[in-house]
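Enquirer: query_2.csv is reproduced in full below (CSV, C-alpha atoms).
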```csv
chain,number,residue,atom,x,y,z
A,24,MET,CA,-115.8,-68.6,-5.4
A,25,VAL,CA,-114.9,-72.3,-4.9
A,26,THR,CA,-115.3,-74.6,-2.0
A,27,LEU,CA,-113.8,-77.9,-0.8
A,28,ARG,CA,-115.2,-79.9,2.1
A,29,LEU,CA,-113.2,-82.7,3.6
A,30,PRO,CA,-113.0,-84.7,6.9
A,31,ALA,CA,-111.1,-82.8,9.7
A,32,ARG,CA,-108.0,-85.1,9.6
A,33,MET,CA,-104.3,-84.5,9.0
A,34,GLU,CA,-104.6,-86.4,5.7
A,35,SER,CA,-106.9,-83.7,4.4
A,36,PHE,CA,-104.3,-80.9,5.0
A,37,GLY,CA,-102.4,-81.4,1.8
A,38,ALA,CA,-105.5,-81.5,-0.4
A,39,PHE,CA,-106.8,-78.2,1.2
A,40,ARG,CA,-103.5,-76.6,0.6
A,41,SER,CA,-103.2,-77.6,-3.0
A,42,PHE,CA,-106.8,-76.5,-3.7
A,43,VAL,CA,-106.1,-73.0,-2.4
A,44,VAL,CA,-102.6,-72.6,-3.9
A,45,GLU,CA,-103.9,-73.7,-7.3
A,46,GLN,CA,-106.6,-71.1,-7.3
A,47,MET,CA,-104.0,-68.4,-6.5
A,48,GLU,CA,-101.5,-69.6,-9.2
A,49,ARG,CA,-104.1,-68.9,-11.9
A,50,GLU,CA,-103.8,-65.2,-11.2
A,51,SER,CA,-100.4,-63.8,-11.9
A,52,ASP,CA,-100.9,-60.8,-9.5
A,53,LEU,CA,-101.5,-63.0,-6.5
A,54,GLU,CA,-98.1,-64.7,-6.5
A,55,GLU,CA,-96.7,-62.5,-3.8
A,56,LEU,CA,-99.6,-63.3,-1.5
A,57,ILE,CA,-99.1,-67.1,-1.7
A,58,PRO,CA,-96.6,-67.4,1.2
A,59,ARG,CA,-98.9,-65.6,3.6
A,60,VAL,CA,-102.0,-67.5,2.5
A,61,ASP,CA,-100.0,-70.7,2.7
A,62,LEU,CA,-99.0,-70.0,6.4
A,63,VAL,CA,-102.4,-68.8,7.5
A,64,LEU,CA,-104.2,-71.8,5.9
A,65,GLU,CA,-101.9,-74.2,7.8
A,66,GLU,CA,-102.3,-72.5,11.1
A,67,VAL,CA,-106.1,-72.3,10.9
A,68,LEU,CA,-106.5,-75.9,9.5
A,69,ILE,CA,-104.2,-77.5,12.0
A,70,ASN,CA,-106.2,-75.8,14.8
A,71,ALA,CA,-109.5,-77.1,13.4
A,72,ILE,CA,-108.1,-80.6,12.8
A,73,ASN,CA,-106.7,-80.8,16.3
A,74,TYR,CA,-109.4,-79.1,18.4
A,75,ALA,CA,-112.7,-78.7,16.6
A,76,TYR,CA,-114.0,-82.3,17.1
A,77,PRO,CA,-112.5,-83.5,20.4
A,78,ASN,CA,-115.1,-86.3,20.8
A,79,GLY,CA,-115.5,-87.5,17.3
A,80,GLU,CA,-115.3,-86.7,13.6
A,81,GLY,CA,-116.5,-83.9,11.5
A,82,ASP,CA,-115.8,-81.9,8.4
A,83,ILE,CA,-113.9,-78.7,7.5
A,84,GLU,CA,-114.9,-76.6,4.6
A,85,VAL,CA,-112.5,-74.2,2.8
A,86,GLU,CA,-113.9,-71.5,0.5
A,87,CYS,CA,-111.7,-69.0,-1.4
A,88,GLU,CA,-111.9,-66.3,-4.1
A,89,VAL,CA,-110.1,-63.5,-5.7
A,90,ALA,CA,-111.5,-60.5,-3.9
A,91,GLY,CA,-110.1,-57.8,-6.2
A,92,PRO,CA,-106.8,-56.8,-7.7
A,93,LYS,CA,-104.0,-58.3,-5.6
A,94,LYS,CA,-106.6,-59.3,-3.0
A,95,PHE,CA,-107.6,-62.8,-1.9
A,96,ARG,CA,-110.2,-64.2,0.6
A,97,VAL,CA,-110.1,-67.5,2.4
A,98,THR,CA,-112.9,-68.8,4.7
A,99,VAL,CA,-112.5,-71.8,6.9
A,100,LYS,CA,-115.6,-73.4,8.5
A,101,ASP,CA,-116.0,-76.2,10.9
A,102,TRP,CA,-119.0,-77.4,12.9
A,103,GLY,CA,-117.2,-78.2,16.1
A,104,ALA,CA,-116.7,-76.6,19.5
A,105,PRO,CA,-117.0,-72.8,19.4
A,106,PHE,CA,-113.5,-71.3,19.2
A,107,ASN,CA,-112.8,-67.6,18.6
A,108,PRO,CA,-109.1,-67.3,17.7
A,109,LEU,CA,-109.4,-63.5,17.9
A,110,GLU,CA,-109.9,-63.7,21.7
A,111,GLN,CA,-106.6,-65.6,22.1
A,112,GLU,CA,-103.9,-63.8,24.0
A,113,ASP,CA,-100.8,-62.8,22.0
A,114,PRO,CA,-97.5,-64.4,23.0
A,115,ASP,CA,-94.9,-62.4,24.9
A,116,LEU,CA,-92.5,-61.6,22.1
A,117,THR,CA,-89.9,-60.1,24.5
A,118,ALA,CA,-89.6,-63.2,26.7
A,119,ASP,CA,-86.2,-64.9,26.7
A,120,ILE,CA,-85.8,-68.6,25.9
A,121,ASP,CA,-86.3,-69.7,29.5
A,122,SER,CA,-89.6,-67.9,30.1
A,123,ARG,CA,-91.0,-68.1,26.5
A,124,GLU,CA,-93.9,-70.5,26.5
A,125,VAL,CA,-94.1,-73.2,23.9
A,126,GLY,CA,-97.1,-72.7,21.5
A,127,GLY,CA,-99.5,-69.8,21.1
A,128,VAL,CA,-97.7,-68.4,18.1
A,129,GLY,CA,-100.0,-69.7,15.4
A,130,ILE,CA,-102.9,-67.4,15.8
A,131,PHE,CA,-100.6,-64.5,16.3
A,132,LEU,CA,-99.0,-65.2,12.9
A,133,VAL,CA,-102.5,-65.4,11.4
A,134,LYS,CA,-103.3,-62.0,12.7
A,135,GLN,CA,-100.0,-60.5,11.4
A,136,MET,CA,-100.3,-62.1,7.9
A,137,THR,CA,-103.8,-61.0,7.2
A,138,SER,CA,-105.1,-57.6,6.2
A,139,ARG,CA,-108.5,-58.4,7.9
A,140,LEU,CA,-109.7,-61.3,10.0
A,141,ASP,CA,-113.3,-62.0,10.9
A,142,TYR,CA,-114.8,-64.6,13.1
A,143,GLU,CA,-118.4,-65.6,13.8
A,144,TYR,CA,-120.1,-68.6,15.3
A,145,THR,CA,-123.2,-69.2,13.1
A,146,ASN,CA,-125.5,-72.0,12.3
A,147,GLY,CA,-123.6,-74.3,14.7
A,148,GLY,CA,-120.3,-73.6,13.2
A,149,ASN,CA,-117.0,-71.6,13.4
A,150,VAL,CA,-116.5,-69.4,10.4
A,151,LEU,CA,-113.1,-67.7,10.1
A,152,THR,CA,-112.6,-65.4,7.1
A,153,ALA,CA,-109.1,-64.0,6.3
A,154,TRP,CA,-108.4,-61.3,3.7
A,155,PHE,CA,-105.0,-60.8,2.1
A,156,GLU,CA,-103.9,-57.7,0.3
A,157,ASP,CA,-100.7,-56.8,-1.3
B,2,MET,CA,-88.5,-81.7,4.4
B,3,ASP,CA,-85.1,-83.2,4.6
B,4,VAL,CA,-83.0,-83.0,7.7
B,5,ASN,CA,-79.4,-84.2,8.2
B,6,GLY,CA,-76.5,-83.3,10.4
B,7,TYR,CA,-72.7,-83.5,10.5
B,8,LYS,CA,-69.9,-82.4,12.8
B,9,GLN,CA,-67.6,-79.5,11.8
B,10,ASP,CA,-64.9,-78.4,14.3
B,11,LYS,CA,-66.7,-77.8,17.6
B,12,PHE,CA,-70.1,-77.4,16.0
B,13,PHE,CA,-72.8,-79.7,14.8
B,14,ILE,CA,-74.4,-78.5,11.6
B,15,VAL,CA,-78.0,-79.3,11.0
B,16,ARG,CA,-79.2,-78.8,7.4
B,17,VAL,CA,-82.9,-78.5,6.8
B,18,SER,CA,-84.6,-78.2,3.4
B,19,GLY,CA,-88.1,-77.9,2.0
B,20,ARG,CA,-91.0,-77.1,4.3
B,21,MET,CA,-91.1,-77.3,8.1
B,22,ASP,CA,-94.8,-77.5,8.8
B,23,ALA,CA,-97.1,-79.4,11.2
B,24,THR,CA,-96.4,-82.7,9.3
B,25,THR,CA,-92.6,-82.4,9.2
B,26,ALA,CA,-91.5,-80.4,12.2
B,27,PRO,CA,-91.7,-83.4,14.6
B,28,GLU,CA,-89.0,-85.1,12.5
B,29,PHE,CA,-86.7,-82.0,12.9
B,30,GLU,CA,-87.3,-82.0,16.6
B,31,LYS,CA,-86.7,-85.7,17.0
B,32,SER,CA,-83.5,-85.6,15.0
B,33,CYS,CA,-82.1,-82.6,17.0
B,34,LEU,CA,-83.0,-84.1,20.4
B,35,GLU,CA,-81.2,-87.3,19.4
B,36,TRP,CA,-78.1,-85.4,18.4
B,37,ILE,CA,-78.2,-83.5,21.7
B,38,GLY,CA,-78.7,-86.8,23.5
B,39,GLN,CA,-75.5,-88.0,21.8
B,40,GLY,CA,-73.7,-85.1,23.4
B,41,GLU,CA,-73.8,-82.5,20.7
B,42,SER,CA,-74.5,-79.1,22.3
B,43,MET,CA,-73.3,-76.5,19.8
B,44,LEU,CA,-75.8,-76.6,17.1
B,45,ILE,CA,-76.0,-74.4,14.0
B,46,VAL,CA,-79.2,-74.9,12.0
B,47,ASP,CA,-78.5,-74.0,8.4
B,48,LEU,CA,-81.8,-72.8,6.8
B,49,LYS,CA,-80.4,-72.0,3.3
B,50,ASP,CA,-82.8,-74.4,1.6
B,51,LEU,CA,-85.8,-74.1,3.9
B,52,GLU,CA,-88.5,-72.3,2.0
B,53,TYR,CA,-91.4,-72.4,4.5
B,54,MET,CA,-91.9,-72.5,8.3
B,55,SER,CA,-95.1,-72.4,10.3
B,56,SER,CA,-95.7,-72.1,14.1
B,57,ALA,CA,-95.2,-75.9,14.3
B,58,GLY,CA,-91.6,-75.3,13.2
B,59,LEU,CA,-91.2,-72.5,15.7
B,60,ARG,CA,-92.6,-74.8,18.4
B,61,SER,CA,-90.0,-77.5,17.6
B,62,ILE,CA,-87.2,-74.9,17.5
B,63,LEU,CA,-88.2,-73.6,20.9
B,64,ILE,CA,-88.3,-77.1,22.4
B,65,VAL,CA,-84.8,-77.8,21.0
B,66,GLY,CA,-83.5,-74.4,22.1
B,67,LYS,CA,-84.7,-75.0,25.7
B,68,LYS,CA,-83.1,-78.5,25.7
B,69,ILE,CA,-79.8,-77.1,24.5
B,70,LYS,CA,-79.9,-74.2,27.0
B,71,SER,CA,-80.4,-76.7,29.9
B,72,ALA,CA,-77.4,-78.7,28.5
B,73,GLY,CA,-75.3,-75.6,28.6
B,74,GLY,CA,-74.9,-75.4,24.8
B,75,THR,CA,-75.7,-73.0,22.1
B,76,LEU,CA,-78.2,-72.9,19.2
B,77,SER,CA,-77.9,-70.5,16.3
B,78,PHE,CA,-79.3,-70.2,12.8
B,79,SER,CA,-77.8,-69.3,9.4
B,80,SER,CA,-78.9,-68.2,5.9
B,81,LEU,CA,-82.6,-67.6,6.5
B,82,THR,CA,-84.7,-67.3,3.3
B,83,PRO,CA,-87.1,-64.3,3.1
B,84,ASN,CA,-90.3,-66.2,4.1
B,85,VAL,CA,-88.6,-67.9,7.0
B,86,GLU,CA,-86.9,-64.6,8.1
B,87,HIS,CA,-90.3,-62.9,8.1
B,88,VAL,CA,-91.8,-65.6,10.4
B,89,PHE,CA,-88.7,-65.4,12.7
B,90,SER,CA,-89.0,-61.7,12.8
B,91,ILE,CA,-92.7,-61.3,13.7
B,92,SER,CA,-92.7,-64.2,16.2
B,93,GLY,CA,-89.8,-62.7,18.2
B,94,PHE,CA,-87.5,-65.7,17.4
B,95,GLY,CA,-85.2,-63.4,15.5
B,96,SER,CA,-84.2,-61.7,18.7
B,97,MET,CA,-84.4,-64.8,20.9
B,98,PHE,CA,-81.7,-66.7,18.9
B,99,LYS,CA,-78.5,-65.8,17.2
B,100,ILE,CA,-79.0,-65.4,13.4
B,101,HIS,CA,-76.1,-65.3,11.0
B,102,ASP,CA,-76.1,-64.3,7.3
B,103,SER,CA,-74.1,-67.4,6.3
B,104,LEU,CA,-72.9,-70.7,7.7
B,105,GLU,CA,-69.3,-69.4,7.4
B,106,LYS,CA,-70.1,-66.5,9.7
B,107,ALA,CA,-71.9,-68.8,12.1
B,108,LEU,CA,-68.8,-71.0,12.3
B,109,GLN,CA,-66.6,-68.1,13.2
B,110,ASN,CA,-68.6,-67.6,16.5
```
As a first step, turn the structure in this file into structure tokens.

Expert:
Amino acid sequence: MVTLRLPARMESFGAFRSFVVEQMERESDLEELIPRVDLVLEEVLINAINYAYPNGEGDIEVECEVAGPKKFRVTVKDWGAPFNPLEQEDPDLTADIDSREVGGVGIFLVKQMTSRLDYEYTNGGNVLTAWFED
Amino acid sequence: MDVNGYKQDKFFIVRVSGRMDATTAPEFEKSCLEWIGQGESMLIVDLKDLEYMSSAGLRSILIVGKKIKSAGGTLSFSSLTPNVEHVFSISGFGSMFKIHDSLEKALQN
């Protein structure tokens, strides 16, 4: 298990991504999971960067590990405003272009791309854990 | 991400390559809105060389799509790579927009 903690800013996004992708690239059987992890990591990080600390600055911590054969786990923590993404309503996928609302797709994609998704607010922080399985 | 556009027959072709994520999608959106502002209303976005798209990309596409619709134009997509096609499919964008296997087929519509 490895962790990286950086300020919740857009400039940290690339470093978090490289950190996780490099861990996955060391394991040949995780290659097919990379696109899904890549997407989920962006959606979760951008949410945290944009919304976790509305009144100031704070950190985000990303932790990841190989969780078994063709299985990977990523945990994203922040110490900002409580936000449970699992409670967010899914977008209306059948809406036409006029009535389709802009936004709200990110968390839905996260739910679809993960094999399991857990959220808890603990010790003053949001902890979102995503599992990926081939 | 690279984005560039050119006129072909009645269409305006937009080519996007690389990654359309939260850091790059605004550039795609801005370019398309500029082309629409210049009077282009029949856009084909060729995604042959786009390897990745997140919800930020979908958001920009929806904004561009709504703008074109209100201008009475059309927006279609061609040559989606597997990862991008997957994201289009689960988000419902695959049924909201016209998707073509190739740019050639998109030009025939």

Enquirer: In Å, how far is it from CA of His101 (chain B) to CA of Leu48 (chain B)?

Expert: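 If I compute the distance from CA of His101 (chain B) to CA of Leu48 (chain B), I get 10.3 Å.
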
Enquirer: With 7 Å as the cut-off and only C-alpha atoms counted, what is the closest atom pair between each nearby residue of chain B and chain A? Distances in Å to one decimal, ordered by chain and number, as a Markdown table.

Expert:
```
| residue | atom | partner | partner_atom | distance |
| --- | --- | --- | --- | --- |
| B:Ser55 | CA | A:Leu62 | CA | 6.0 |
| B:Ser56 | CA | A:Gly129 | CA | 5.1 |
| B:Arg60 | CA | A:Gly126 | CA | 5.9 |
| B:Leu63 | CA | A:Val125 | CA | 6.6 |
| B:Lys67 | CA | A:Ile120 | CA | 6.5 |
| B:Ser92 | CA | A:Leu116 | CA | 6.5 |
| B:Gly93 | CA | A:Leu116 | CA | 4.9 |
| B:Met97 | CA | A:Asp119 | CA | 6.1 |
```

Enquirer: Identify, on the basis of all atoms listed in the file, every residue whose closest approach to Tyr53 (chain B) does not exceed 7 Å; exclude the query and any residue fewer than 4 positions from it along the same chain; express the result as a list in words.

Expert: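 Surrounding residues, per the criterion: Gly19, Arg20, Met21, Asn84 and Val85 of chain B.
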
Enquirer: Using all atoms listed in the file for the distances, tell me which of A:Asp101, A:Glu45, A:Phe39, A:Glu88 is nearest to Leu64 (chain A).

Expert: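 Smallest separation from Leu64 (chain A) among the options: A:Phe39.
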
Enquirer: Can you list, as a PyMOL selection string, every protein, DNA or RNA residue that comes within 9 Å of Phe12 (chain B) when you count all atoms listed in the file, leaving out same-chain residues fewer than 5 positions away?

Expert: chain B and resi 7+41-45+108

Enquirer: Considering all atoms listed in the file, can you say which of B:Gly58, B:Val4, B:Thr24, B:Ile100 comes closest to Glu86 (chain B)?

Expert: B:Ile100

Enquirer: What separation in Å, quoted to one decimal, exists between CA of Asn149 (chain A) and CA of Val99 (chain A)?

Expert: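 For CA of Asn149 (chain A) relative to CA of Val99 (chain A), the distance reads 7.9 Å.
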
Enquirer: Around the point (-68.0, -71.7, 12.2) (coordinates from the file), which residues reach within 10 Å if we count all atoms listed in the file? Answer as a ChimeraX atom specification.

Expert: /B:9-14,45,103-110

Enquirer: Using C-alpha atoms, can you export the residues from the last selection as a PDB file, keeping the file's coordinate frame?

Expert:
```
ATOM      1  CA  GLN B   9     -67.600 -79.500  11.800  1.00  0.00           C
ATOM      2  CA  ASP B  10     -64.900 -78.400  14.300  1.00  0.00           C
ATOM      3  CA  LYS B  11     -66.700 -77.800  17.600  1.00  0.00           C
ATOM      4  CA  PHE B  12     -70.100 -77.400  16.000  1.00  0.00           C
ATOM      5  CA  PHE B  13     -72.800 -79.700  14.800  1.00  0.00           C
ATOM      6  CA  ILE B  14     -74.400 -78.500  11.600  1.00  0.00           C
ATOM      7  CA  ILE B  45     -76.000 -74.400  14.000  1.00  0.00           C
ATOM      8  CA  SER B 103     -74.100 -67.400   6.300  1.00  0.00           C
ATOM      9  CA  LEU B 104     -72.900 -70.700   7.700  1.00  0.00           C
ATOM     10  CA  GLU B 105     -69.300 -69.400   7.400  1.00  0.00           C
ATOM     11  CA  LYS B 106     -70.100 -66.500   9.700  1.00  0.00           C
ATOM     12  CA  ALA B 107     -71.900 -68.800  12.100  1.00  0.00           C
ATOM     13  CA  LEU B 108     -68.800 -71.000  12.300  1.00  0.00           C
ATOM     14  CA  GLN B 109     -66.600 -68.100  13.200  1.00  0.00           C
ATOM     15  CA  ASN B 110     -68.600 -67.600  16.500  1.00  0.00           C
TER      16      ASN B 110
END
```

Enquirer: Neighbourhood query: residues within 7 Å of (-79.1, -72.7, 10.7), file coordinates, counting all atoms listed in the file; return as a list in words.

Expert: Val15, Arg16, Ile45, Val46, Asp47, Leu48, Ser77, Phe78, Ser79 and Ser80 of chain B

Enquirer: Leaving out region 77-84 of chain A and any residue of its chain fewer than 3 positions from it, which residues lie within 8 Å of it when counting all atoms listed in the file, given as a PyMOL selection string?

Expert: chain A and resi 26-31+71+73-74+99-103

Enquirer: Suppose you want the space between CA of Asn5 (chain B) and CA of Asp22 (chain B); what is it in Å?

Expert: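 These atoms are spaced 16.8 Å apart.
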
Enquirer: With distances taken over only C-alpha atoms, which residue among A:Ala75, A:Leu56, A:Met47, A:Val85 lies nearest Asp157 (chain A)?

Expert: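 Among A:Ala75, A:Leu56, A:Met47, A:Val85, it is A:Leu56 that comes nearest to Asp157 (chain A).
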
Enquirer: Which is closest to Gly74 (chain B) among B:Ile37, B:Leu51, B:Ala23, B:Ile91, if we use all atoms listed in the file?

Expert: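 Ranking B:Ile37, B:Leu51, B:Ala23, B:Ile91 by distance to Gly74 (chain B), first place goes to B:Ile37.
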
Enquirer: Need to verify the contact set: Phe29 (chain B), 9 Å, all atoms listed in the file, exclusion of same-chain residues closer than 3 positions in sequence. Can you return it as a PDB file with C-alpha atoms, in the frame of the given file?

Expert:
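selection_22.pdb was written with the following content:
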```
ATOM      1  CA  MET B   2     -88.500 -81.700   4.400  1.00  0.00           C
ATOM      2  CA  ASP B   3     -85.100 -83.200   4.600  1.00  0.00           C
ATOM      3  CA  VAL B   4     -83.000 -83.000   7.700  1.00  0.00           C
ATOM      4  CA  ASN B   5     -79.400 -84.200   8.200  1.00  0.00           C
ATOM      5  CA  VAL B  17     -82.900 -78.500   6.800  1.00  0.00           C
ATOM      6  CA  MET B  21     -91.100 -77.300   8.100  1.00  0.00           C
ATOM      7  CA  THR B  25     -92.600 -82.400   9.200  1.00  0.00           C
ATOM      8  CA  ALA B  26     -91.500 -80.400  12.200  1.00  0.00           C
ATOM      9  CA  SER B  32     -83.500 -85.600  15.000  1.00  0.00           C
ATOM     10  CA  CYS B  33     -82.100 -82.600  17.000  1.00  0.00           C
ATOM     11  CA  LEU B  34     -83.000 -84.100  20.400  1.00  0.00           C
ATOM     12  CA  GLY B  58     -91.600 -75.300  13.200  1.00  0.00           C
ATOM     13  CA  SER B  61     -90.000 -77.500  17.600  1.00  0.00           C
ATOM     14  CA  ILE B  62     -87.200 -74.900  17.500  1.00  0.00           C
TER      15      ILE B  62
END
```

Enquirer: Select, from B:Trp36, B:Glu52, B:Val88, B:Pro83, the residue with the minimum atom-to-atom distance to Val65 (chain B), counting all atoms listed in the file.

Expert: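 Using all atoms listed in the file, Val65 (chain B) sits closest to B:Trp36.
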
Enquirer: Check the smallest atom-to-atom distance from each of A:Val43, A:Val67, A:Leu53, A:Ala153 to Lys94 (chain A) using only C-alpha atoms, then report the winner.

Expert: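 Among the listed residues, A:Leu53 lies closest to Lys94 (chain A).
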